[in-house]
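target.cif follows; it contains mmCIF, C-alpha atoms and all ligand atoms.
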```cif
data_run
#
loop_
_atom_site.label_atom_id
_atom_site.label_comp_id
_atom_site.auth_asym_id
_atom_site.auth_seq_id
_atom_site.Cartn_x
_atom_site.Cartn_y
_atom_site.Cartn_z
CA MET A 1 37.90 -13.23 -9.04
CA MET A 2 37.35 -11.23 -5.89
CA ILE A 3 33.80 -10.07 -5.13
CA ASP A 4 34.26 -6.61 -3.68
CA LEU A 5 31.28 -5.39 -1.65
CA ARG A 6 33.19 -2.76 0.37
CA SER A 7 31.69 0.18 -1.48
CA ASP A 8 30.39 1.43 -4.82
CA THR A 9 33.46 3.71 -4.79
CA ILE A 10 35.57 0.80 -6.01
CA THR A 11 34.00 0.76 -9.50
CA ARG A 12 36.43 1.31 -12.34
CA PRO A 13 35.76 3.53 -15.37
CA THR A 14 33.87 1.90 -18.25
CA GLU A 15 35.35 1.59 -21.75
CA GLU A 16 33.19 4.51 -22.86
CA MET A 17 34.60 6.64 -20.03
CA ARG A 18 38.17 5.71 -20.92
CA LYS A 19 37.56 6.70 -24.56
CA ALA A 20 35.96 9.99 -23.51
CA MET A 21 38.92 10.68 -21.22
CA SER A 22 41.52 10.14 -23.91
CA ALA A 23 39.62 12.34 -26.38
CA ALA A 24 38.62 15.11 -23.94
CA GLU A 25 39.05 18.72 -25.04
CA VAL A 26 40.82 20.54 -22.23
CA GLY A 27 41.98 23.95 -21.00
CA ASP A 28 43.02 25.48 -17.69
CA ASP A 29 39.97 25.25 -15.45
CA VAL A 30 41.32 27.70 -12.86
CA TYR A 31 40.98 30.28 -15.68
CA GLY A 32 37.50 28.81 -16.39
CA GLU A 33 38.84 27.64 -19.77
CA ASP A 34 38.24 23.90 -19.73
CA PRO A 35 35.32 23.27 -22.11
CA THR A 36 34.73 19.73 -20.84
CA VAL A 37 34.53 20.81 -17.20
CA ARG A 38 32.11 23.56 -18.22
CA ARG A 39 29.98 21.04 -20.10
CA LEU A 40 29.86 18.75 -17.05
CA GLU A 41 28.92 21.67 -14.78
CA GLU A 42 26.14 22.82 -17.14
CA LEU A 43 24.84 19.27 -17.41
CA ALA A 44 24.77 18.79 -13.62
CA ALA A 45 23.15 22.20 -13.02
CA GLY A 46 20.44 21.38 -15.57
CA LEU A 47 19.73 17.93 -14.16
CA THR A 48 19.45 19.19 -10.58
CA GLY A 49 17.45 22.35 -11.40
CA HIS A 50 20.10 24.87 -10.37
CA GLU A 51 21.67 27.92 -12.05
CA ALA A 52 25.28 26.82 -11.78
CA ALA A 53 27.62 24.04 -10.69
CA LEU A 54 31.23 23.39 -9.71
CA PHE A 55 33.32 20.27 -10.36
CA VAL A 56 35.16 19.24 -7.18
CA THR A 57 37.60 16.47 -6.40
CA SER A 58 35.45 14.45 -3.99
CA GLY A 59 32.21 14.27 -2.05
CA THR A 60 34.02 15.41 1.07
CA GLN A 61 35.41 18.46 -0.71
CA GLY A 62 31.97 19.22 -2.19
CA ASN A 63 30.28 19.11 1.21
CA LEU A 64 33.03 21.20 2.75
CA VAL A 65 32.95 23.98 0.13
CA ALA A 66 29.16 24.08 0.55
CA LEU A 67 29.44 24.39 4.34
CA LEU A 68 32.11 27.09 4.06
CA SER A 69 30.00 29.00 1.53
CA HIS A 70 26.84 28.90 3.65
CA CYS A 71 28.29 29.41 7.13
CA ALA A 72 30.71 31.84 8.75
CA ARG A 73 32.92 31.06 11.74
CA GLY A 74 30.73 30.68 14.82
CA ASP A 75 27.59 29.72 12.89
CA GLY A 76 25.76 26.47 13.56
CA ALA A 77 24.98 23.78 10.98
CA ILE A 78 22.25 21.27 11.83
CA VAL A 79 23.52 17.77 11.02
CA GLY A 80 22.13 14.30 11.67
CA LYS A 81 24.00 12.19 14.21
CA GLU A 82 24.33 9.42 11.60
CA CYS A 83 25.17 11.59 8.60
CA HIS A 84 28.40 11.34 6.61
CA ILE A 85 29.36 14.99 7.12
CA TYR A 86 29.33 14.50 10.88
CA ASN A 87 30.83 10.98 11.03
CA TYR A 88 33.26 10.54 8.16
CA GLU A 89 34.65 13.86 6.95
CA GLY A 90 37.30 14.47 9.60
CA GLY A 91 35.24 17.17 11.29
CA GLY A 92 36.13 19.52 8.41
CA LEU A 93 33.27 21.88 9.22
CA ALA A 94 34.71 22.51 12.70
CA VAL A 95 38.40 22.23 11.79
CA LEU A 96 38.39 24.49 8.75
CA GLY A 97 35.17 26.47 9.10
CA GLY A 98 34.83 27.07 12.82
CA VAL A 99 31.26 25.86 12.28
CA MET A 100 29.40 24.34 15.23
CA PRO A 101 27.62 21.07 14.45
CA LEU A 102 24.10 21.17 15.95
CA VAL A 103 23.41 17.47 16.12
CA VAL A 104 19.91 16.01 15.68
CA ASP A 105 18.46 12.52 15.53
CA ASP A 106 18.20 11.39 11.90
CA THR A 107 17.16 7.79 12.53
CA GLY A 108 15.46 6.54 9.38
CA GLY A 109 17.28 9.14 7.27
CA LEU A 110 15.56 12.44 8.12
CA PRO A 111 15.48 14.62 11.24
CA SER A 112 11.98 15.62 12.38
CA THR A 113 10.61 19.08 11.56
CA GLU A 114 10.13 19.62 15.33
CA CYS A 115 13.78 19.13 16.23
CA VAL A 116 14.93 21.33 13.34
CA ARG A 117 12.49 24.10 14.36
CA ALA A 118 13.61 23.78 17.98
CA LEU A 119 17.17 24.67 16.93
CA CYS A 120 16.05 27.83 15.09
CA ARG A 121 16.13 29.85 18.28
CA ASP A 122 15.79 33.60 18.81
CA GLU A 123 19.07 35.47 18.84
CA ASN A 124 20.85 34.98 22.15
CA VAL A 125 24.46 35.65 23.12
CA HIS A 126 24.77 32.06 24.33
CA PHE A 127 23.95 30.31 21.08
CA ALA A 128 25.79 29.48 17.88
CA PRO A 129 23.03 30.64 15.48
CA ALA A 130 21.67 27.91 13.21
CA ARG A 131 22.30 28.92 9.58
CA LEU A 132 22.20 25.67 7.66
CA LEU A 133 20.44 22.31 7.60
CA CYS A 134 22.41 19.43 6.06
CA LEU A 135 20.45 16.44 4.72
CA GLU A 136 21.67 13.18 3.16
CA ASN A 137 19.87 11.10 0.50
CA THR A 138 20.32 8.21 0.12
CA HIS A 139 21.30 7.97 3.76
CA ASN A 140 24.40 5.80 4.02
CA ARG A 141 24.43 4.80 7.71
CA GLU A 142 20.65 4.49 7.77
CA GLY A 143 20.78 1.44 5.54
CA GLY A 144 21.22 3.30 2.25
CA ASN A 145 17.61 4.38 2.69
CA ALA A 146 16.14 6.50 -0.10
CA VAL A 147 14.31 9.14 1.88
CA ASP A 148 10.59 9.60 1.20
CA PRO A 149 10.18 12.57 -1.19
CA VAL A 150 7.06 13.89 0.57
CA ALA A 151 8.57 13.97 4.07
CA TYR A 152 11.80 15.34 2.57
CA GLY A 153 9.94 18.15 0.78
CA GLU A 154 8.08 19.10 3.96
CA LEU A 155 11.29 19.27 5.96
CA VAL A 156 13.04 21.39 3.32
CA ARG A 157 10.08 23.84 3.26
CA CYS A 158 10.01 23.98 7.05
CA ALA A 159 13.76 24.75 7.20
CA ILE A 160 13.54 27.47 4.54
CA ASP A 161 10.52 29.04 6.32
CA ALA A 162 12.60 29.06 9.52
CA GLY A 163 15.31 31.05 7.70
CA LEU A 164 17.84 28.23 7.22
CA ALA A 165 19.77 27.43 4.08
CA VAL A 166 19.58 23.74 3.12
CA HIS A 167 22.44 21.63 1.74
CA LEU A 168 21.90 18.11 0.44
CA ASP A 169 24.72 15.58 0.63
CA GLY A 170 23.46 13.81 -2.47
CA ALA A 171 26.46 11.51 -2.86
CA ARG A 172 23.92 8.90 -4.03
CA VAL A 173 20.95 11.11 -4.86
CA PHE A 174 20.49 9.37 -8.23
CA ASN A 175 20.06 6.08 -6.35
CA ALA A 176 17.30 7.80 -4.36
CA ALA A 177 15.60 9.11 -7.51
CA VAL A 178 15.79 5.69 -9.20
CA ALA A 179 14.43 3.91 -6.09
CA TRP A 180 11.44 6.27 -5.89
CA LYS A 181 11.08 6.47 -9.71
CA VAL A 182 11.07 10.28 -9.54
CA ASP A 183 13.08 12.94 -11.34
CA VAL A 184 16.17 13.76 -9.30
CA LYS A 185 14.94 17.41 -9.18
CA GLU A 186 12.35 16.22 -6.66
CA PHE A 187 15.23 16.05 -4.17
CA THR A 188 17.62 18.66 -5.54
CA ALA A 189 15.69 21.64 -6.94
CA ALA A 190 14.30 23.08 -3.69
CA VAL A 191 17.52 22.99 -1.66
CA ASP A 192 20.10 25.80 -1.76
CA SER A 193 22.94 23.45 -2.66
CA VAL A 194 23.51 19.81 -3.50
CA GLN A 195 26.67 17.74 -3.75
CA LEU A 196 26.47 14.66 -5.99
CA CYS A 197 29.15 12.04 -6.49
CA LEU A 198 30.19 10.83 -9.93
CA SER A 199 32.59 8.27 -8.53
CA LYS A 200 30.23 5.95 -6.64
CA GLY A 201 27.50 3.92 -8.36
CA LEU A 202 27.84 6.11 -11.47
CA GLY A 203 31.31 4.70 -12.01
CA ALA A 204 33.48 7.72 -12.82
CA PRO A 205 37.04 7.44 -11.45
CA VAL A 206 37.10 10.81 -9.68
CA GLY A 207 34.89 13.70 -8.75
CA SER A 208 31.72 15.26 -7.50
CA VAL A 209 29.68 18.26 -8.53
CA VAL A 210 28.21 20.93 -6.27
CA CYS A 211 25.16 22.76 -7.63
CA GLY A 212 23.44 25.97 -6.49
CA SER A 213 22.79 29.60 -7.43
CA LYS A 214 25.38 31.59 -9.43
CA GLU A 215 26.26 33.58 -6.30
CA PHE A 216 26.67 30.40 -4.22
CA ILE A 217 28.91 28.81 -6.85
CA ARG A 218 31.02 31.99 -7.04
CA GLN A 219 31.76 31.59 -3.32
CA ALA A 220 32.19 27.82 -3.59
CA ARG A 221 34.80 28.36 -6.33
CA HIS A 222 36.80 30.55 -3.95
CA TRP A 223 36.66 27.90 -1.17
CA ARG A 224 37.57 25.12 -3.59
CA LYS A 225 40.72 27.03 -4.60
CA LEU A 226 41.58 27.67 -0.97
CA LEU A 227 41.26 23.94 -0.27
CA GLY A 228 43.66 23.12 -3.08
CA GLY A 229 40.91 21.87 -5.38
CA GLY A 230 41.54 24.22 -8.30
CA LEU A 231 42.47 21.74 -11.02
CA ARG A 232 43.97 22.60 -14.37
CA GLN A 233 43.23 20.34 -17.39
CA ALA A 234 40.48 18.68 -15.40
CA GLY A 235 38.46 17.90 -18.52
CA VAL A 236 40.36 14.61 -18.63
CA ILE A 237 38.42 13.44 -15.58
CA ALA A 238 35.29 15.56 -16.06
CA SER A 239 34.70 13.75 -19.37
CA ALA A 240 34.15 10.49 -17.46
CA GLY A 241 31.70 12.37 -15.23
CA ILE A 242 29.67 13.36 -18.29
CA VAL A 243 29.43 9.70 -19.33
CA ALA A 244 28.44 8.87 -15.73
CA LEU A 245 25.53 11.32 -15.76
CA GLU A 246 24.39 10.52 -19.29
CA ARG A 247 24.74 6.73 -19.32
CA MET A 248 24.98 5.27 -15.85
CA VAL A 249 21.93 6.56 -13.95
CA SER A 250 19.22 4.21 -15.20
CA ARG A 251 21.32 1.08 -14.58
CA LEU A 252 21.42 1.82 -10.83
CA ALA A 253 18.16 -0.15 -10.63
CA GLU A 254 20.23 -3.31 -11.31
CA ASP A 255 22.37 -2.59 -8.24
CA HIS A 256 19.21 -2.17 -6.18
CA GLY A 257 17.86 -5.48 -7.50
CA ASN A 258 21.12 -7.24 -6.61
CA ALA A 259 21.12 -5.75 -3.11
CA ALA A 260 17.51 -6.91 -2.61
CA LEU A 261 18.48 -10.43 -3.71
CA LEU A 262 21.46 -10.42 -1.35
CA ALA A 263 19.24 -9.30 1.55
CA THR A 264 16.69 -12.03 0.78
CA LEU A 265 19.33 -14.79 0.56
CA LEU A 266 20.94 -13.74 3.85
CA ARG A 267 17.55 -13.48 5.59
CA GLU A 268 16.56 -16.91 4.29
CA GLY A 269 19.82 -18.20 5.73
CA GLY A 270 18.82 -16.84 9.14
CA MET A 271 20.87 -13.64 9.28
CA ASP A 272 19.60 -10.45 10.85
CA VAL A 273 19.49 -8.14 7.85
CA GLU A 274 18.50 -4.67 8.95
CA SER A 275 15.24 -3.52 7.44
CA CYS A 276 15.07 -0.26 5.56
CA ALA A 277 11.97 1.63 4.32
CA LYS A 278 13.26 2.17 0.74
CA PRO A 279 16.43 0.13 0.22
CA THR A 280 18.88 0.91 -2.58
CA ASN A 281 22.34 -0.61 -3.11
CA MET A 282 23.33 -1.32 0.51
CA VAL A 283 22.69 -4.17 2.89
CA TYR A 284 23.53 -3.85 6.58
CA VAL A 285 23.75 -6.95 8.74
CA SER A 286 23.56 -6.98 12.56
CA LEU A 287 25.28 -9.80 14.42
CA SER A 288 23.78 -11.40 17.50
CA PRO A 289 26.20 -12.14 20.41
CA SER A 290 26.19 -15.88 19.52
CA LEU A 291 27.93 -15.14 16.19
CA PRO A 292 31.57 -14.17 15.59
CA GLY A 293 32.25 -10.41 15.40
CA ALA A 294 32.06 -8.41 12.16
CA LYS A 295 35.84 -8.14 11.81
CA GLU A 296 36.35 -11.89 12.14
CA ILE A 297 33.59 -12.72 9.66
CA ALA A 298 34.96 -10.15 7.19
CA GLU A 299 38.47 -11.65 7.50
CA ARG A 300 37.22 -15.19 6.97
CA CYS A 301 35.15 -14.20 3.94
CA GLY A 302 38.03 -12.13 2.58
CA LYS A 303 40.20 -15.25 2.48
CA ARG A 304 37.52 -16.79 0.24
CA GLY A 305 37.41 -13.79 -2.11
CA VAL A 306 34.38 -11.97 -0.71
CA VAL A 307 35.36 -8.62 0.78
CA PHE A 308 33.28 -6.10 2.73
CA ASN A 309 33.66 -3.62 5.58
CA PRO A 310 32.64 -3.99 9.22
CA THR A 311 30.98 -0.71 10.28
CA SER A 312 31.05 -1.50 14.01
CA PRO A 313 32.07 -4.56 16.07
CA ARG A 314 28.70 -6.26 15.44
CA ARG A 315 27.57 -4.77 12.14
CA PHE A 316 28.79 -4.95 8.56
CA ARG A 317 27.85 -3.35 5.26
CA LEU A 318 27.58 -4.88 1.79
CA VAL A 319 27.34 -2.57 -1.23
CA THR A 320 26.33 -3.59 -4.75
CA HIS A 321 27.58 -1.84 -7.89
CA PHE A 322 28.19 -2.50 -11.57
CA ASP A 323 31.22 -4.74 -10.99
CA VAL A 324 28.96 -7.22 -9.13
CA ASP A 325 26.36 -9.34 -10.92
CA GLU A 326 23.66 -11.76 -9.79
CA ALA A 327 26.01 -14.77 -9.77
CA ASP A 328 28.47 -12.83 -7.57
CA VAL A 329 25.68 -11.94 -5.17
CA ARG A 330 24.60 -15.59 -4.88
CA LYS A 331 28.18 -16.69 -4.26
CA ALA A 332 28.77 -13.90 -1.72
CA ALA A 333 25.61 -14.83 0.20
CA ALA A 334 26.65 -18.50 0.35
CA VAL A 335 30.17 -17.64 1.62
CA ILE A 336 28.87 -15.18 4.23
CA LEU A 337 26.29 -17.67 5.51
CA GLU A 338 28.99 -20.33 5.87
CA GLU A 339 31.47 -18.04 7.61
CA ALA A 340 28.97 -16.33 9.93
CA ARG A 341 28.19 -19.51 11.86
CA PRO A 342 28.81 -19.65 15.61
CA SER A 343 32.45 -20.71 16.15
N1 LIG B 1 31.27 7.31 1.54
C1 LIG B 1 32.22 6.23 1.57
C2 LIG B 1 32.95 6.18 2.91
O1 LIG B 1 33.47 7.44 3.23
C3 LIG B 1 32.09 5.72 4.05
C4 LIG B 1 31.48 4.92 1.32
O2 LIG B 1 32.18 3.94 1.03
O3 LIG B 1 30.24 4.90 1.40
N2 LIG B 1 28.59 11.54 1.46
C5 LIG B 1 28.20 10.26 1.57
C6 LIG B 1 26.80 9.94 1.91
C7 LIG B 1 29.13 9.23 1.35
O4 LIG B 1 28.74 7.97 1.49
C8 LIG B 1 30.46 9.55 1.01
C9 LIG B 1 31.52 8.49 0.82
C10 LIG B 1 30.81 10.91 0.90
C11 LIG B 1 29.85 11.88 1.12
C12 LIG B 1 32.22 11.37 0.59
O5 LIG B 1 32.62 11.10 -0.69
P1 LIG B 1 34.17 11.00 -1.07
O6 LIG B 1 34.62 9.63 -0.65
O7 LIG B 1 34.17 11.19 -2.55
O8 LIG B 1 34.87 12.08 -0.36
#
```
Represent the structure from my file as structure tokens, please.
Amino acid sequence: MMIDLRSDTITRPTEEMRKAMSAAEVGDDVYGEDPTVRRLEELAAGLTGHEAALFVTSGTQGNLVALLSHCARGDGAIVGKECHIYNYEGGGLAVLGGVMPLVVDDTGGLPSTECVRALCRDENVHFAPARLLCLENTHNREGGNAVDPVAYGELVRCAIDAGLAVHLDGARVFNAAVAWKVDVKEFTAAVDSVQLCLSKGLGAPVGSVVCGSKEFIRQARHWRKLLGGGLRQAGVIASAGIVALERMVSRLAEDHGNAALLATLLREGGMDVESCAKPTNMVYVSLSPSLPGAKEIAERCGKRGVVFNPTSPRRFRLVTHFDVDEADVRKAAAVILEEARPS
């Protein structure tokens, strides 16, 4: 059996999800008539501390409808240089929104309050005015770090005081809440909008939810339709999302435990595992010049049934999820250590 550490997106729906999907009550959601979609949206709004929510097809679509709802053409959105919105979403904010990314250093997972304040400049004909701050938690490219709730809360308050709206890319915000042992509202309630993924560690086959005020969701619904995301009998997939939110959150701790074990085994074997303040389900490995490149190591391991993604020529990422258990992690570590020897 292949051990797939490419991403937690590869998880397949559980038996319970498949049963819920086949039994789901459905209607046409573009008319607002799908009872299962409504139930998922109410559940997500309640969990995150918001008035309303919208089921969307993916994390990328959720972030994009949020950006389009918060910003008009010519506005600026403050984004971290390592964040997913800036690196991996095809530049949708610029392409479809005419929104200017105002890029800040988010090393460690959070930009500093100083650099966010510095971008909230007085009106000036030269500037794209900053309207929105985008945050990410857990922060994917920063090691899957679960951002510290205190520093996060301070930054959100500072941004709101400076007149910005705040959007959280919470693709893995439940991983962050589980890692810090806090209610997810700690990260979601104070922001203007949050996007959370059902299809990553929570195991649903498709979908994300965007949460915010009723007025924000009214606008987001318009943008979702414009983007082709108005689905019809979407309760078939939303039902799996309900199971994801009700049943799959607490078990994320197992994924974190497996990632910690993987990191320890690789470190003990002499590999340079990147350190992370509050690790979750990701392990990033840096490769010194004496070792083969990330692509070569990934290819060699792949031939032995252990697959993962290089993220740059000398860095690769390993992600744990519910299709990977402790025995898999031990086997994966052994294969990687054997294949990552100097050639
Ligand atoms: N991340 C994927 C890849 O796109 C890199 C992964 O395998 O980790 N925000 C964050 C923080 C994400 O990590 C991702 C997906 C998204 C948004 C987008 O979600 P989808 O793939 O549903 O559009």
Problem - At most 8 Å from ligand LIG 1 (chain B) (only C-alpha atoms and all ligand atoms): residue list as a PyMOL selection string - result: chain A and resi 6-9+57-63+83-85+88-89+136-140+169-172+197+199-200+206-208
Requested write-out: C-alpha atoms of the selected residues, as a PDB file, in the coordinates of the input:
```pdb
ATOM      1  CA  ARG A   6      33.190  -2.760   0.370  1.00  0.00           C
ATOM      2  CA  SER A   7      31.690   0.180  -1.480  1.00  0.00           C
ATOM      3  CA  ASP A   8      30.390   1.430  -4.820  1.00  0.00           C
ATOM      4  CA  THR A   9      33.460   3.710  -4.790  1.00  0.00           C
ATOM      5  CA  THR A  57      37.600  16.470  -6.400  1.00  0.00           C
ATOM      6  CA  SER A  58      35.450  14.450  -3.990  1.00  0.00           C
ATOM      7  CA  GLY A  59      32.210  14.270  -2.050  1.00  0.00           C
ATOM      8  CA  THR A  60      34.020  15.410   1.070  1.00  0.00           C
ATOM      9  CA  GLN A  61      35.410  18.460  -0.710  1.00  0.00           C
ATOM     10  CA  GLY A  62      31.970  19.220  -2.190  1.00  0.00           C
ATOM     11  CA  ASN A  63      30.280  19.110   1.210  1.00  0.00           C
ATOM     12  CA  CYS A  83      25.170  11.590   8.600  1.00  0.00           C
ATOM     13  CA  HIS A  84      28.400  11.340   6.610  1.00  0.00           C
ATOM     14  CA  ILE A  85      29.360  14.990   7.120  1.00  0.00           C
ATOM     15  CA  TYR A  88      33.260  10.540   8.160  1.00  0.00           C
ATOM     16  CA  GLU A  89      34.650  13.860   6.950  1.00  0.00           C
ATOM     17  CA  GLU A 136      21.670  13.180   3.160  1.00  0.00           C
ATOM     18  CA  ASN A 137      19.870  11.100   0.500  1.00  0.00           C
ATOM     19  CA  THR A 138      20.320   8.210   0.120  1.00  0.00           C
ATOM     20  CA  HIS A 139      21.300   7.970   3.760  1.00  0.00           C
ATOM     21  CA  ASN A 140      24.400   5.800   4.020  1.00  0.00           C
ATOM     22  CA  ASP A 169      24.720  15.580   0.630  1.00  0.00           C
ATOM     23  CA  GLY A 170      23.460  13.810  -2.470  1.00  0.00           C
ATOM     24  CA  ALA A 171      26.460  11.510  -2.860  1.00  0.00           C
ATOM     25  CA  ARG A 172      23.920   8.900  -4.030  1.00  0.00           C
ATOM     26  CA  CYS A 197      29.150  12.040  -6.490  1.00  0.00           C
ATOM     27  CA  SER A 199      32.590   8.270  -8.530  1.00  0.00           C
ATOM     28  CA  LYS A 200      30.230   5.950  -6.640  1.00  0.00           C
ATOM     29  CA  VAL A 206      37.100  10.810  -9.680  1.00  0.00           C
ATOM     30  CA  GLY A 207      34.890  13.700  -8.750  1.00  0.00           C
ATOM     31  CA  SER A 208      31.720  15.260  -7.500  1.00  0.00           C
TER      32      SER A 208
END
```
Problem - Closest of A:Ala159, A:Ala238, A:Val324, A:Leu93 to Gly257 of chain A - atom-to-atom distances counting all atoms listed in the file - result: A:Val324
For segment 47-165 of chain A against segment 282-300 of chain A, with a cut-off of 9 Å and counting all atoms listed in the file, what is the closest atom pair and its distance in Å to one decimal for every residue that makes the cut, ordered by chain and number, as a tab-separated table?
```
residue	atom	partner	partner_atom	distance
A:Asn140	CA	A:Met282	CA	8.0
A:Arg141	CA	A:Tyr284	CA	8.8
A:Glu142	CA	A:Tyr284	CA	8.9
A:Gly143	CA	A:Tyr284	CA	6.1
A:Gly144	CA	A:Met282	CA	5.4
A:Asn145	CA	A:Met282	CA	8.4
```
Handout entry: Within 12 Å of Val56 of chain A using only C-alpha atoms, minus same-chain residues under 2 positions, as an NGL selection string
Key = :A and (29-30 or 37 or 40-41 or 53-54 or 58-66 or 195-199 or 206-211 or 217 or 220-225 or 227-232 or 234-235 or 237-238 or 241)
Problem - Long-range neighbours of Val243 of chain A as a ChimeraX atom specification, 9 Å cut-off, only C-alpha atoms, 2 positions minimum in chain - result: /A:16-17,20,202,204,238-241,245-248
Handout entry: Pick from A:Ala327, A:Ala253, A:Ala334, A:Val147, whichever lies nearest to Val178 of chain A using all atoms listed in the file
Key =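 The closest residue to Val178 of chain A is A:Ala253.
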Problem - Using only C-alpha atoms: which of A:Cys276, A:Ala130, A:Ala151, A:Ala244 has the shortest distance to Cys71 of chain A - result: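 Smallest separation from Cys71 of chain A among the options: A:Ala130.
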Handout entry: Distance query 10 Å from (15.3, 14.0, 12.3) using all atoms listed in the file, result as a ChimeraX atom specification
Key = /A:79-81,103-116,135,155
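Relative to atom CA of Thr280 of chain A, atom CA of Ala176 of chain A is found at 7.3 Å.
Atom CA of Ile78 of chain A sits 10.1 Å away from atom CA of Val99 of chain A.
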Handout entry: Computed interatomic separation between atom CA of Tyr86 of chain A and atom CA of Gly74 of chain A (Å)
Key = 16.7 Å
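Each of A:Ala277, A:Val125, A:Leu168, A:Met21 was compared to Gly153 of chain A using only C-alpha atoms, and A:Leu168 turns out to be the nearest.
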Problem - Sphere at (23.6, 24.1, 1.2), radius 8 Å, counting only C-alpha atoms: residues as a list in words - result: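 The answer, in the requested form, is Ala66, Leu67, His70, Leu132, Leu133, Cys134, Ala165, Val166, His167, Leu168, Val191, Asp192, Ser193, Val194 and Gly212 of chain A.
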Problem - Val236 of chain A surroundings by all atoms listed in the file, 8 Å radius, close-in-sequence under 4 positions cut, as a VMD selection string - result: chain A and resid 21 to 22 24 to 26 36 240
Completion exercise
Using all atoms listed in the file, the residue out of A:Arg251, A:Ile10, A:Arg315, A:Leu164 with shortest distance to Arg121 of chain A is A:Leu164
Problem - Shell around Gly269 of chain A at 9 Å using all atoms listed in the file, local window under 3 positions removed, as an MDAnalysis selection string - result: chainID A and resid 264:266 333:334 337
Would you save the residues from that selection as a PDB file, in the coordinates of the input, using C-alpha atoms?
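Below you can see out.pdb, which holds the result:
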```pdb
ATOM      1  CA  THR A 264      16.690 -12.030   0.780  1.00  0.00           C
ATOM      2  CA  LEU A 265      19.330 -14.790   0.560  1.00  0.00           C
ATOM      3  CA  LEU A 266      20.940 -13.740   3.850  1.00  0.00           C
ATOM      4  CA  ALA A 333      25.610 -14.830   0.200  1.00  0.00           C
ATOM      5  CA  ALA A 334      26.650 -18.500   0.350  1.00  0.00           C
ATOM      6  CA  LEU A 337      26.290 -17.670   5.510  1.00  0.00           C
TER       7      LEU A 337
END
```
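Considering the residues A:Arg117, A:Asp272, A:Pro13, A:Asp255 and counting all atoms listed in the file, Arg314 of chain A has its shortest atom-to-atom contact with A:Asp272.
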